[in-house]
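Chemist: Quick one: the structure is below, and I'll ask about it shortly.
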Amino acid sequence: MLFKTEGIVLGTTSYSDTYSIAHLFTRDFGRVSYLLPISRGKKTKIRNSLFFPLSVLYLEVEHMPLRDVQRLKEVERQFPLYGLCTNMTKVSLAFFISEFLSFILRESDNNELTFDYLKNSIETLEATEKGLANFHLALMMGLTRFLGIYPNTEFTGNYSFFDLQHGEFVVNEPMHSYYLDRKESHYLRDLYRINYSNMHLFKLSRNNRNEIVDQLLDYYRLHIYNFPPLKSLEVLRELG
């Protein structure tokens with residue numbers, strides 16, 4: 001049965017001499033793998049060049065609930081990604097974000113809300129020129145709301161430690177090791193207000209930013225099942 005939907009490209013993997021597998025997050029079905037023909041000429045119906053990480057596509061697809069890999073019928077790019085393909089900072093962010101999303105996105109009940117947030121994020125990344133080094137921090141914080149793991153950011157001056165396991169500020173050091181110390185918790189108290197419109201105002205050093213990324217990834221790993229280390233993280237660490 002054919003369906004029309006929208007999809008965000010998370011990446012592709014090799015499959016055979018004639019096909020690769022495209023991994024997308026779709027508005028209607030969540031995370032889906034599609035059989036992608038390896039193009040051999042100008043007349044190919046579905047071009048591989050459409051599947052650059054974070055590309056947003058209009059899709060006509062076959063969707064069979066029990067099938068592991070679905071089939072593509074028609075694919076069209078929604079809008080071009082000039083910056084994400086040419087600006088090296090944006091390229092680094094695109095590869096990190098797509099790898100990050102490929103491990104945390106699943107089929108869920110709020111696909112449409114999550115999809116719309118990510119689509120808006122990609123449009124923002126394409127258009128943004130200021131504060132790019134903080135973009136992934138804003139995205140990672142914002143996405144917790146849609147995954148149901150947004151931390152409890154209510155606190156008073158006495159609440160000095162952030163408990164990563166329970167997602168809240170606490171007065172005393174937790175008995176387990178999954179928490180931020182006073183300095184790290186202070187960064188988080190400031191960071192929870194970050195969004196795409198104010199991210200350029202957060203003056204963070206490279207070391208500060210890398211520490212925060214590690215803390216956010218630790219938080220996600222405690223709340224998202226089977227979340228491995230990210231290969232693209234080392235390239236991202238070089239952003240100024």
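In the structure tokens, chains take letters A, B, ... by order of appearance, with residues numbered from 1 within each chain and ligands from 1 in the order shown.
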Quick one: residues within 10 Å of A:Cys85, only C-alpha atoms, excluding same-chain residues fewer than 6 positions away - as a count of residues only?
Modeler: 6
Chemist: If you count only C-alpha atoms, which residues fall within 10 Å of stretch 208-223 of chain A, apart from same-chain ones fewer than 3 positions away, as a ChimeraX atom specification?
Modeler: /A:100,104,133-134,136-137,140-141,144,147-149,151,163-167,178-180,184-185,187-188,191,203-205,226-230,233-234,236-240
Chemist: Quick one: DSSP strand (DSSP E or B) residues in stretch 57-240 of chain A, as a PDB file with all heavy atoms, in the first residue's frame?
Modeler:
```
ATOM      1  N   LEU A  57      12.758  15.473   2.918  1.00  0.00           N
ATOM      2  CA  LEU A  57      12.227  14.962   1.661  1.00  0.00           C
ATOM      3  C   LEU A  57      10.714  14.748   1.708  1.00  0.00           C
ATOM      4  O   LEU A  57      10.154  14.399   2.752  1.00  0.00           O
ATOM      5  CB  LEU A  57      12.884  13.613   1.330  1.00  0.00           C
ATOM      6  CG  LEU A  57      14.416  13.567   1.325  1.00  0.00           C
ATOM      7  CD1 LEU A  57      14.888  12.132   1.122  1.00  0.00           C
ATOM      8  CD2 LEU A  57      14.996  14.482   0.247  1.00  0.00           C
ATOM      9  N   TYR A  58      10.075  14.974   0.557  1.00  0.00           N
ATOM     10  CA  TYR A  58       8.725  14.469   0.342  1.00  0.00           C
ATOM     11  C   TYR A  58       8.864  13.039  -0.156  1.00  0.00           C
ATOM     12  O   TYR A  58       9.685  12.753  -1.040  1.00  0.00           O
ATOM     13  CB  TYR A  58       7.990  15.284  -0.722  1.00  0.00           C
ATOM     14  CG  TYR A  58       7.639  16.696  -0.306  1.00  0.00           C
ATOM     15  CD1 TYR A  58       8.186  17.787  -0.982  1.00  0.00           C
ATOM     16  CD2 TYR A  58       6.749  16.940   0.733  1.00  0.00           C
ATOM     17  CE1 TYR A  58       7.852  19.091  -0.621  1.00  0.00           C
ATOM     18  CE2 TYR A  58       6.413  18.237   1.101  1.00  0.00           C
ATOM     19  CZ  TYR A  58       6.971  19.297   0.425  1.00  0.00           C
ATOM     20  OH  TYR A  58       6.653  20.583   0.791  1.00  0.00           O
ATOM     21  N   LEU A  59       8.065  12.131   0.388  1.00  0.00           N
ATOM     22  CA  LEU A  59       8.196  10.716   0.055  1.00  0.00           C
ATOM     23  C   LEU A  59       6.864  10.103  -0.344  1.00  0.00           C
ATOM     24  O   LEU A  59       5.823  10.395   0.255  1.00  0.00           O
ATOM     25  CB  LEU A  59       8.726   9.936   1.270  1.00  0.00           C
ATOM     26  CG  LEU A  59      10.034  10.395   1.908  1.00  0.00           C
ATOM     27  CD1 LEU A  59      10.222   9.686   3.238  1.00  0.00           C
ATOM     28  CD2 LEU A  59      11.210  10.127   0.983  1.00  0.00           C
ATOM     29  N   GLU A  60       6.909   9.242  -1.357  1.00  0.00           N
ATOM     30  CA  GLU A  60       5.823   8.289  -1.600  1.00  0.00           C
ATOM     31  C   GLU A  60       6.442   6.912  -1.401  1.00  0.00           C
ATOM     32  O   GLU A  60       7.436   6.572  -2.050  1.00  0.00           O
ATOM     33  CB  GLU A  60       5.249   8.424  -3.007  1.00  0.00           C
ATOM     34  CG  GLU A  60       4.035   7.511  -3.214  1.00  0.00           C
ATOM     35  CD  GLU A  60       3.340   7.743  -4.543  1.00  0.00           C
ATOM     36  OE1 GLU A  60       3.819   8.587  -5.327  1.00  0.00           O
ATOM     37  OE2 GLU A  60       2.323   7.068  -4.792  1.00  0.00           O
ATOM     38  N   VAL A  61       5.880   6.140  -0.484  1.00  0.00           N
ATOM     39  CA  VAL A  61       6.526   4.906  -0.052  1.00  0.00           C
ATOM     40  C   VAL A  61       5.526   3.762   0.058  1.00  0.00           C
ATOM     41  O   VAL A  61       4.325   3.978   0.231  1.00  0.00           O
ATOM     42  CB  VAL A  61       7.202   5.099   1.328  1.00  0.00           C
ATOM     43  CG1 VAL A  61       8.260   6.192   1.252  1.00  0.00           C
ATOM     44  CG2 VAL A  61       6.177   5.423   2.418  1.00  0.00           C
ATOM     45  N   GLU A  62       6.051   2.549  -0.059  1.00  0.00           N
ATOM     46  CA  GLU A  62       5.323   1.372   0.390  1.00  0.00           C
ATOM     47  C   GLU A  62       5.577   1.237   1.886  1.00  0.00           C
ATOM     48  O   GLU A  62       6.700   1.445   2.349  1.00  0.00           O
ATOM     49  CB  GLU A  62       5.824   0.109  -0.309  1.00  0.00           C
ATOM     50  CG  GLU A  62       5.381  -0.031  -1.739  1.00  0.00           C
ATOM     51  CD  GLU A  62       5.824  -1.369  -2.324  1.00  0.00           C
ATOM     52  OE1 GLU A  62       6.410  -2.185  -1.580  1.00  0.00           O
ATOM     53  OE2 GLU A  62       5.599  -1.586  -3.520  1.00  0.00           O
ATOM     54  N   GLN A  70      11.518  -0.974   4.070  1.00  0.00           N
ATOM     55  CA  GLN A  70      10.419  -0.554   3.201  1.00  0.00           C
ATOM     56  C   GLN A  70      10.952  -0.111   1.839  1.00  0.00           C
ATOM     57  O   GLN A  70      12.164  -0.015   1.636  1.00  0.00           O
ATOM     58  CB  GLN A  70       9.638   0.577   3.871  1.00  0.00           C
ATOM     59  CG  GLN A  70       9.180   0.286   5.284  1.00  0.00           C
ATOM     60  CD  GLN A  70       8.101  -0.793   5.356  1.00  0.00           C
ATOM     61  OE1 GLN A  70       7.459  -1.114   4.350  1.00  0.00           O
ATOM     62  NE2 GLN A  70       7.899  -1.376   6.536  1.00  0.00           N
ATOM     63  N   ARG A  71      10.031   0.196   0.921  1.00  0.00           N
ATOM     64  CA  ARG A  71      10.426   0.569  -0.437  1.00  0.00           C
ATOM     65  C   ARG A  71      10.005   1.997  -0.764  1.00  0.00           C
ATOM     66  O   ARG A  71       8.928   2.440  -0.387  1.00  0.00           O
ATOM     67  CB  ARG A  71       9.802  -0.403  -1.456  1.00  0.00           C
ATOM     68  CG  ARG A  71      10.394  -1.802  -1.375  1.00  0.00           C
ATOM     69  CD  ARG A  71       9.827  -2.712  -2.456  1.00  0.00           C
ATOM     70  NE  ARG A  71      10.414  -4.038  -2.394  1.00  0.00           N
ATOM     71  CZ  ARG A  71      11.534  -4.389  -3.000  1.00  0.00           C
ATOM     72  NH1 ARG A  71      12.192  -3.496  -3.730  1.00  0.00           N
ATOM     73  NH2 ARG A  71      12.003  -5.619  -2.895  1.00  0.00           N
ATOM     74  N   LEU A  72      10.894   2.696  -1.475  1.00  0.00           N
ATOM     75  CA  LEU A  72      10.641   4.051  -1.944  1.00  0.00           C
ATOM     76  C   LEU A  72      10.051   4.023  -3.347  1.00  0.00           C
ATOM     77  O   LEU A  72      10.503   3.255  -4.200  1.00  0.00           O
ATOM     78  CB  LEU A  72      11.946   4.852  -1.981  1.00  0.00           C
ATOM     79  CG  LEU A  72      12.674   5.050  -0.649  1.00  0.00           C
ATOM     80  CD1 LEU A  72      14.121   5.468  -0.907  1.00  0.00           C
ATOM     81  CD2 LEU A  72      11.970   6.099   0.190  1.00  0.00           C
ATOM     82  N   LYS A  73       9.046   4.873  -3.586  1.00  0.00           N
ATOM     83  CA  LYS A  73       8.476   4.991  -4.922  1.00  0.00           C
ATOM     84  C   LYS A  73       8.803   6.334  -5.572  1.00  0.00           C
ATOM     85  O   LYS A  73       9.174   6.410  -6.736  1.00  0.00           O
ATOM     86  CB  LYS A  73       6.951   4.798  -4.858  1.00  0.00           C
ATOM     87  CG  LYS A  73       6.529   3.379  -4.529  1.00  0.00           C
ATOM     88  CD  LYS A  73       7.024   2.395  -5.582  1.00  0.00           C
ATOM     89  CE  LYS A  73       6.598   0.966  -5.268  1.00  0.00           C
ATOM     90  NZ  LYS A  73       7.103   0.009  -6.283  1.00  0.00           N
ATOM     91  N   GLU A  74       8.620   7.416  -4.826  1.00  0.00           N
ATOM     92  CA  GLU A  74       8.933   8.754  -5.322  1.00  0.00           C
ATOM     93  C   GLU A  74       9.625   9.534  -4.204  1.00  0.00           C
ATOM     94  O   GLU A  74       9.240   9.430  -3.034  1.00  0.00           O
ATOM     95  CB  GLU A  74       7.656   9.506  -5.736  1.00  0.00           C
ATOM     96  CG  GLU A  74       6.856   8.839  -6.851  1.00  0.00           C
ATOM     97  CD  GLU A  74       7.457   9.081  -8.227  1.00  0.00           C
ATOM     98  OE1 GLU A  74       8.365   9.953  -8.328  1.00  0.00           O
ATOM     99  OE2 GLU A  74       7.021   8.422  -9.189  1.00  0.00           O
ATOM    100  N   VAL A  75      10.628  10.335  -4.575  1.00  0.00           N
ATOM    101  CA  VAL A  75      11.359  11.151  -3.598  1.00  0.00           C
ATOM    102  C   VAL A  75      11.603  12.528  -4.201  1.00  0.00           C
ATOM    103  O   VAL A  75      12.025  12.652  -5.349  1.00  0.00           O
ATOM    104  CB  VAL A  75      12.715  10.507  -3.226  1.00  0.00           C
ATOM    105  CG1 VAL A  75      13.463  11.398  -2.241  1.00  0.00           C
ATOM    106  CG2 VAL A  75      12.517   9.117  -2.641  1.00  0.00           C
ATOM    107  N   GLU A  76      11.333  13.567  -3.394  1.00  0.00           N
ATOM    108  CA  GLU A  76      11.564  14.940  -3.831  1.00  0.00           C
ATOM    109  C   GLU A  76      12.110  15.748  -2.664  1.00  0.00           C
ATOM    110  O   GLU A  76      11.608  15.639  -1.541  1.00  0.00           O
ATOM    111  CB  GLU A  76      10.256  15.562  -4.329  1.00  0.00           C
ATOM    112  CG  GLU A  76      10.394  16.971  -4.841  1.00  0.00           C
ATOM    113  CD  GLU A  76       9.053  17.565  -5.270  1.00  0.00           C
ATOM    114  OE1 GLU A  76       8.061  16.798  -5.354  1.00  0.00           O
ATOM    115  OE2 GLU A  76       9.003  18.787  -5.498  1.00  0.00           O
ATOM    116  N   ARG A  77      13.116  16.544  -2.908  1.00  0.00           N
ATOM    117  CA  ARG A  77      13.699  17.400  -1.870  1.00  0.00           C
ATOM    118  C   ARG A  77      12.749  18.554  -1.555  1.00  0.00           C
ATOM    119  O   ARG A  77      12.203  19.193  -2.463  1.00  0.00           O
ATOM    120  CB  ARG A  77      15.045  17.948  -2.336  1.00  0.00           C
ATOM    121  CG  ARG A  77      15.743  18.838  -1.310  1.00  0.00           C
ATOM    122  CD  ARG A  77      16.996  19.475  -1.856  1.00  0.00           C
ATOM    123  NE  ARG A  77      18.078  18.517  -2.011  1.00  0.00           N
ATOM    124  CZ  ARG A  77      18.669  18.215  -3.151  1.00  0.00           C
ATOM    125  NH1 ARG A  77      18.251  18.794  -4.260  1.00  0.00           N
ATOM    126  NH2 ARG A  77      19.648  17.350  -3.213  1.00  0.00           N
ATOM    127  N   ASN A 152      13.888  18.282  35.183  1.00  0.00           N
ATOM    128  CA  ASN A 152      13.187  19.184  36.079  1.00  0.00           C
ATOM    129  C   ASN A 152      14.151  20.322  36.432  1.00  0.00           C
ATOM    130  O   ASN A 152      15.098  20.118  37.190  1.00  0.00           O
ATOM    131  CB  ASN A 152      12.732  18.444  37.337  1.00  0.00           C
ATOM    132  CG  ASN A 152      11.985  19.346  38.295  1.00  0.00           C
ATOM    133  OD1 ASN A 152      11.811  20.538  38.049  1.00  0.00           O
ATOM    134  ND2 ASN A 152      11.547  18.789  39.402  1.00  0.00           N
ATOM    135  N   PHE A 161      23.492  20.257  43.125  1.00  0.00           N
ATOM    136  CA  PHE A 161      23.940  19.144  42.293  1.00  0.00           C
ATOM    137  C   PHE A 161      22.799  18.710  41.368  1.00  0.00           C
ATOM    138  O   PHE A 161      21.642  18.642  41.789  1.00  0.00           O
ATOM    139  CB  PHE A 161      24.369  17.953  43.155  1.00  0.00           C
ATOM    140  CG  PHE A 161      25.462  18.281  44.134  1.00  0.00           C
ATOM    141  CD1 PHE A 161      25.159  18.668  45.433  1.00  0.00           C
ATOM    142  CD2 PHE A 161      26.792  18.224  43.744  1.00  0.00           C
ATOM    143  CE1 PHE A 161      26.162  18.984  46.337  1.00  0.00           C
ATOM    144  CE2 PHE A 161      27.805  18.538  44.646  1.00  0.00           C
ATOM    145  CZ  PHE A 161      27.486  18.916  45.939  1.00  0.00           C
ATOM    146  N   PHE A 162      23.174  18.389  40.124  1.00  0.00           N
ATOM    147  CA  PHE A 162      22.157  17.868  39.207  1.00  0.00           C
ATOM    148  C   PHE A 162      22.297  16.363  39.104  1.00  0.00           C
ATOM    149  O   PHE A 162      23.346  15.835  38.729  1.00  0.00           O
ATOM    150  CB  PHE A 162      22.277  18.489  37.815  1.00  0.00           C
ATOM    151  CG  PHE A 162      21.173  18.049  36.887  1.00  0.00           C
ATOM    152  CD1 PHE A 162      19.895  18.566  37.023  1.00  0.00           C
ATOM    153  CD2 PHE A 162      21.405  17.088  35.914  1.00  0.00           C
ATOM    154  CE1 PHE A 162      18.863  18.151  36.194  1.00  0.00           C
ATOM    155  CE2 PHE A 162      20.384  16.662  35.078  1.00  0.00           C
ATOM    156  CZ  PHE A 162      19.106  17.197  35.223  1.00  0.00           C
ATOM    157  N   ASP A 163      21.235  15.670  39.457  1.00  0.00           N
ATOM    158  CA  ASP A 163      21.179  14.213  39.419  1.00  0.00           C
ATOM    159  C   ASP A 163      20.786  13.790  38.002  1.00  0.00           C
ATOM    160  O   ASP A 163      19.639  13.950  37.587  1.00  0.00           O
ATOM    161  CB  ASP A 163      20.151  13.721  40.444  1.00  0.00           C
ATOM    162  CG  ASP A 163      20.122  12.204  40.580  1.00  0.00           C
ATOM    163  OD1 ASP A 163      20.333  11.508  39.564  1.00  0.00           O
ATOM    164  OD2 ASP A 163      19.866  11.715  41.691  1.00  0.00           O
ATOM    165  N   GLU A 168      16.997  15.873  37.937  1.00  0.00           N
ATOM    166  CA  GLU A 168      16.570  16.968  38.796  1.00  0.00           C
ATOM    167  C   GLU A 168      17.735  17.466  39.643  1.00  0.00           C
ATOM    168  O   GLU A 168      18.721  16.754  39.863  1.00  0.00           O
ATOM    169  CB  GLU A 168      15.422  16.513  39.707  1.00  0.00           C
ATOM    170  CG  GLU A 168      15.808  15.380  40.642  1.00  0.00           C
ATOM    171  CD  GLU A 168      14.646  14.873  41.467  1.00  0.00           C
ATOM    172  OE1 GLU A 168      13.527  15.375  41.278  1.00  0.00           O
ATOM    173  OE2 GLU A 168      14.859  13.977  42.301  1.00  0.00           O
ATOM    174  N   PHE A 169      17.602  18.711  40.121  1.00  0.00           N
ATOM    175  CA  PHE A 169      18.583  19.282  41.037  1.00  0.00           C
ATOM    176  C   PHE A 169      18.302  18.800  42.458  1.00  0.00           C
ATOM    177  O   PHE A 169      17.141  18.695  42.875  1.00  0.00           O
ATOM    178  CB  PHE A 169      18.526  20.812  40.995  1.00  0.00           C
ATOM    179  CG  PHE A 169      19.100  21.395  39.736  1.00  0.00           C
ATOM    180  CD1 PHE A 169      18.281  21.673  38.646  1.00  0.00           C
ATOM    181  CD2 PHE A 169      20.455  21.666  39.621  1.00  0.00           C
ATOM    182  CE1 PHE A 169      18.801  22.204  37.477  1.00  0.00           C
ATOM    183  CE2 PHE A 169      20.986  22.198  38.456  1.00  0.00           C
ATOM    184  CZ  PHE A 169      20.153  22.472  37.387  1.00  0.00           C
ATOM    185  N   VAL A 170      19.381  18.500  43.181  1.00  0.00           N
ATOM    186  CA  VAL A 170      19.255  18.005  44.556  1.00  0.00           C
ATOM    187  C   VAL A 170      20.209  18.783  45.465  1.00  0.00           C
ATOM    188  O   VAL A 170      21.162  19.406  45.012  1.00  0.00           O
ATOM    189  CB  VAL A 170      19.550  16.486  44.642  1.00  0.00           C
ATOM    190  CG1 VAL A 170      18.507  15.694  43.869  1.00  0.00           C
ATOM    191  CG2 VAL A 170      20.948  16.178  44.113  1.00  0.00           C
ATOM    192  N   TYR A 179      25.951  12.140  38.406  1.00  0.00           N
ATOM    193  CA  TYR A 179      25.502  13.491  38.754  1.00  0.00           C
ATOM    194  C   TYR A 179      26.576  14.493  38.347  1.00  0.00           C
ATOM    195  O   TYR A 179      27.723  14.132  38.073  1.00  0.00           O
ATOM    196  CB  TYR A 179      25.206  13.596  40.247  1.00  0.00           C
ATOM    197  CG  TYR A 179      26.414  13.505  41.147  1.00  0.00           C
ATOM    198  CD1 TYR A 179      27.104  14.657  41.553  1.00  0.00           C
ATOM    199  CD2 TYR A 179      26.888  12.267  41.604  1.00  0.00           C
ATOM    200  CE1 TYR A 179      28.222  14.569  42.374  1.00  0.00           C
ATOM    201  CE2 TYR A 179      28.005  12.176  42.419  1.00  0.00           C
ATOM    202  CZ  TYR A 179      28.660  13.326  42.803  1.00  0.00           C
ATOM    203  OH  TYR A 179      29.773  13.245  43.603  1.00  0.00           O
ATOM    204  N   LEU A 180      26.171  15.770  38.301  1.00  0.00           N
ATOM    205  CA  LEU A 180      27.100  16.850  37.984  1.00  0.00           C
ATOM    206  C   LEU A 180      27.521  17.536  39.274  1.00  0.00           C
ATOM    207  O   LEU A 180      26.701  17.728  40.176  1.00  0.00           O
ATOM    208  CB  LEU A 180      26.428  17.871  37.057  1.00  0.00           C
ATOM    209  CG  LEU A 180      25.827  17.340  35.749  1.00  0.00           C
ATOM    210  CD1 LEU A 180      25.288  18.497  34.912  1.00  0.00           C
ATOM    211  CD2 LEU A 180      26.837  16.536  34.952  1.00  0.00           C
TER     212      LEU A 180
END
```
Chemist: If you count only C-alpha atoms, which residues fall within 12 Å of A:Glu129, apart from same-chain ones fewer than 6 positions away, as a count of residues only?
Modeler: 10
